[in-house]
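Undergrad: This is the structure I want to talk about, given as structure tokens.
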Amino acid sequence: MLSISVVVITYNEEKNLARCLASVAGIADEVIVVDSFSTDSTQEIAASFGARFVTRAFDGYAKQKNFATGLAKNDWILSLDADEELTAELKHSIQAINDDTSTVLFRIPRLTNYCGKWIKHCGWYPDLQGRLYNRKSGAWEEKMVHEFWKPSKESFGVSVLRGDLLHYSFSSIGEHMKKIEKYTELAAVDAQRRGRTASVLKVIFSPVWHFISEYFFKLGFLDGYYGFVICRLSAYSAFAKYAKIRQYASSGNL
């Protein structure tokens, strides 16, 4: 079995953190929580699980995760968000990995809970996430949104584990809408810094395509009412992102 350091970045995660940390019992050689100065009981919860707790000003998801990775004593890192939980099957898959594996990155299927319903369509599942990795062989790609761990060589081995990573994403539609506002803003700022823009056609037709693709082709309708809500908000997210990108590109201001 691998010697694994579990790293979690947090900010006011008292409602989620205990569930997350309890799920890594038996596979974590150490647990490190890097926190952005929470004002709730996040630190006390981390301490109750014996986690090492480090505070650091937040300057981007990838930077925070690279920092957390650098604190670990082991080369094998399992990076989790506080609102995630390992299933028993996933834990067994991790425990079965030989320490002489040629794989440097293991991707994990993520199953998301939305307002109390597990979403298995809409393009949300299996939503493979690269979370278990050998830190000697890559790093978190420093993007403002949708960061990912990238192997330093294309030839390095990548495998998929059995079992799901449970993701307790949104307890309300309002939370989802707030996150859309935050992430579309970050995406627009990132595009501005990279000198990118969006055409009027992109603003008009991208939302339409997102809804059709996710609700019909990716079978979002099978997830019932919340499937419709997710696909509808996905379309709005596409509209907001490209409209903001176009606005910033034309004004030259952030």
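Within each chain, counting starts at residue 1; across the structure tokens, chains are named A, B, ... in the order shown, with ligands numbered 1 upward in that order.
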With 9 Å as the cut-off and only C-alpha atoms counted, what is the closest atom pair between each nearby residue of range 51-122 of chain A and range 226-231 of chain A? Distances in Å to one decimal, ordered by chain and number, as a Markdown table.

TA:
```
| residue | atom | partner | partner_atom | distance |
| --- | --- | --- | --- | --- |
| A:Tyr114 | CA | A:Tyr226 | CA | 7.6 |
| A:Cys115 | CA | A:Tyr226 | CA | 8.0 |
| A:Lys117 | CA | A:Tyr226 | CA | 7.8 |
| A:Ile119 | CA | A:Gly227 | CA | 7.4 |
| A:His121 | CA | A:Gly227 | CA | 7.7 |
| A:Cys122 | CA | A:Gly227 | CA | 6.6 |
```

Undergrad: Keeping only N, CA and C atoms, write the selected residues to a file as a PDB file, in the first residue's frame.

TA:
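Output (result_30.pdb):
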```
ATOM      1  N   TYR A 114     -26.714  17.133  -5.709  1.00  0.00           N
ATOM      2  CA  TYR A 114     -27.237  18.472  -5.979  1.00  0.00           C
ATOM      3  C   TYR A 114     -28.604  18.608  -5.321  1.00  0.00           C
ATOM      4  N   CYS A 115     -28.674  19.454  -4.307  1.00  0.00           N
ATOM      5  CA  CYS A 115     -29.940  19.678  -3.586  1.00  0.00           C
ATOM      6  C   CYS A 115     -30.553  18.360  -3.112  1.00  0.00           C
ATOM      7  N   LYS A 117     -30.047  15.308  -4.444  1.00  0.00           N
ATOM      8  CA  LYS A 117     -30.185  14.275  -5.486  1.00  0.00           C
ATOM      9  C   LYS A 117     -28.824  13.974  -6.112  1.00  0.00           C
ATOM     10  N   ILE A 119     -26.606  13.172  -9.085  1.00  0.00           N
ATOM     11  CA  ILE A 119     -26.740  13.483 -10.511  1.00  0.00           C
ATOM     12  C   ILE A 119     -25.848  12.543 -11.330  1.00  0.00           C
ATOM     13  N   HIS A 121     -26.196  12.151 -14.832  1.00  0.00           N
ATOM     14  CA  HIS A 121     -26.198  12.527 -16.247  1.00  0.00           C
ATOM     15  C   HIS A 121     -25.784  13.994 -16.361  1.00  0.00           C
ATOM     16  N   CYS A 122     -26.298  14.697 -17.350  1.00  0.00           N
ATOM     17  CA  CYS A 122     -25.996  16.137 -17.555  1.00  0.00           C
ATOM     18  C   CYS A 122     -24.526  16.400 -17.858  1.00  0.00           C
TER      19      CYS A 122
END
```

Undergrad: Please return, as a ChimeraX atom specification, all residues of range 51-250 of chain A that DSSP assigns to helix (DSSP H, G or I) on the basis of the backbone.

TA: /A:61-71,88-95,135-137,173-193,200-217,220-250

Undergrad: Extract, using only C-alpha atoms, all DNA, RNA and protein residues at most 12 Å from Leu71 in chain A, discarding same-chain residues fewer than 4 positions from it, and format them as JSON, numbers by chain.

TA: {"A": [5, 6, 7, 8, 30, 31, 32, 33, 34, 52, 53, 54, 64, 65, 66, 67, 75, 76, 77, 135]}

Undergrad: Can you tell me how far CA of Ser237 in chain A sits from CA of Met144 in chain A, in Å to one decimal?

TA: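 Computing the Euclidean distance for CA of Ser237 in chain A and CA of Met144 in chain A yields 16.3 Å.
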
Undergrad: Which of these residues is nearest to Thr10 in chain A, using only C-alpha atoms: A:Val145, A:Ala68, A:Leu86, A:Ile173?

TA: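 Closest to Thr10 in chain A of all the choices is A:Ala68.
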
Undergrad: Which residues are near Phe211 in chain A? Cut-off 7 Å, only C-alpha atoms, ignore same chain within fewer than 4 positions. Put them as an NGL selection string.

TA: :A and (207 or 215 or 231-232 or 234-235)

Undergrad: Restricting the calculation to only C-alpha atoms: of A:Ser3, A:Glu44, A:Trp149, A:Glu185, which residue gets closest to Asp99 in chain A?

TA: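 Ranking A:Ser3, A:Glu44, A:Trp149, A:Glu185 by distance to Asp99 in chain A, first place goes to A:Ser3.
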
Undergrad: Using the chain letters and numbers from this document, which residues of range 119-254 of chain A does DSSP assign to strand (DSSP E), as a list in words?

TA: Ile119, Gln129, Gly130, Arg131, Leu132, Tyr133, Asn134, Gly138, Ala139, Trp140, Trp149, Lys150, Pro151, Gly157, Val158, Ser159, Val160, Leu165, Leu166, His167, Tyr168, Ser169 and Phe170 of chain A

Undergrad: Out of A:Arg193, A:Arg56, A:Lys150, A:Arg19, which residue has the shortest atom-to-atom distance to Asp83 in chain A when counting only C-alpha atoms?

TA: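 Of the candidates, the smallest distance to Asp83 in chain A is held by A:Arg19.
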
Undergrad: Which is closest to Gly130 in chain A among A:Glu142, A:Leu80, A:Thr101, A:Lys202, if we use only C-alpha atoms?

TA: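 Checking each of A:Glu142, A:Leu80, A:Thr101, A:Lys202 against Gly130 in chain A, counting only C-alpha atoms, the winner is A:Leu80.
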
Undergrad: Which residue gives the smallest distance to Glu214 in chain A among A:Leu233, A:Ile4, A:Ala28, A:Ala188, with only C-alpha atoms counted?

TA: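 Distance minimum relative to Glu214 in chain A lands on A:Leu233.
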
Undergrad: Could you check which of A:Trp140, A:Tyr125, A:Phe217, A:Phe37 is closest to Asn12 in chain A, using only C-alpha atoms?

TA: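 The answer is A:Phe37, which sits nearest to Asn12 in chain A.
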
Undergrad: Would you kindly return, as a PyMOL selection string, each protein, DNA or RNA residue with an atom no farther than 8 Å from any atom of Leu166 in chain A, considering only C-alpha atoms and excluding same-chain residues fewer than 3 positions away?

TA: chain A and resi 84-87+110-113
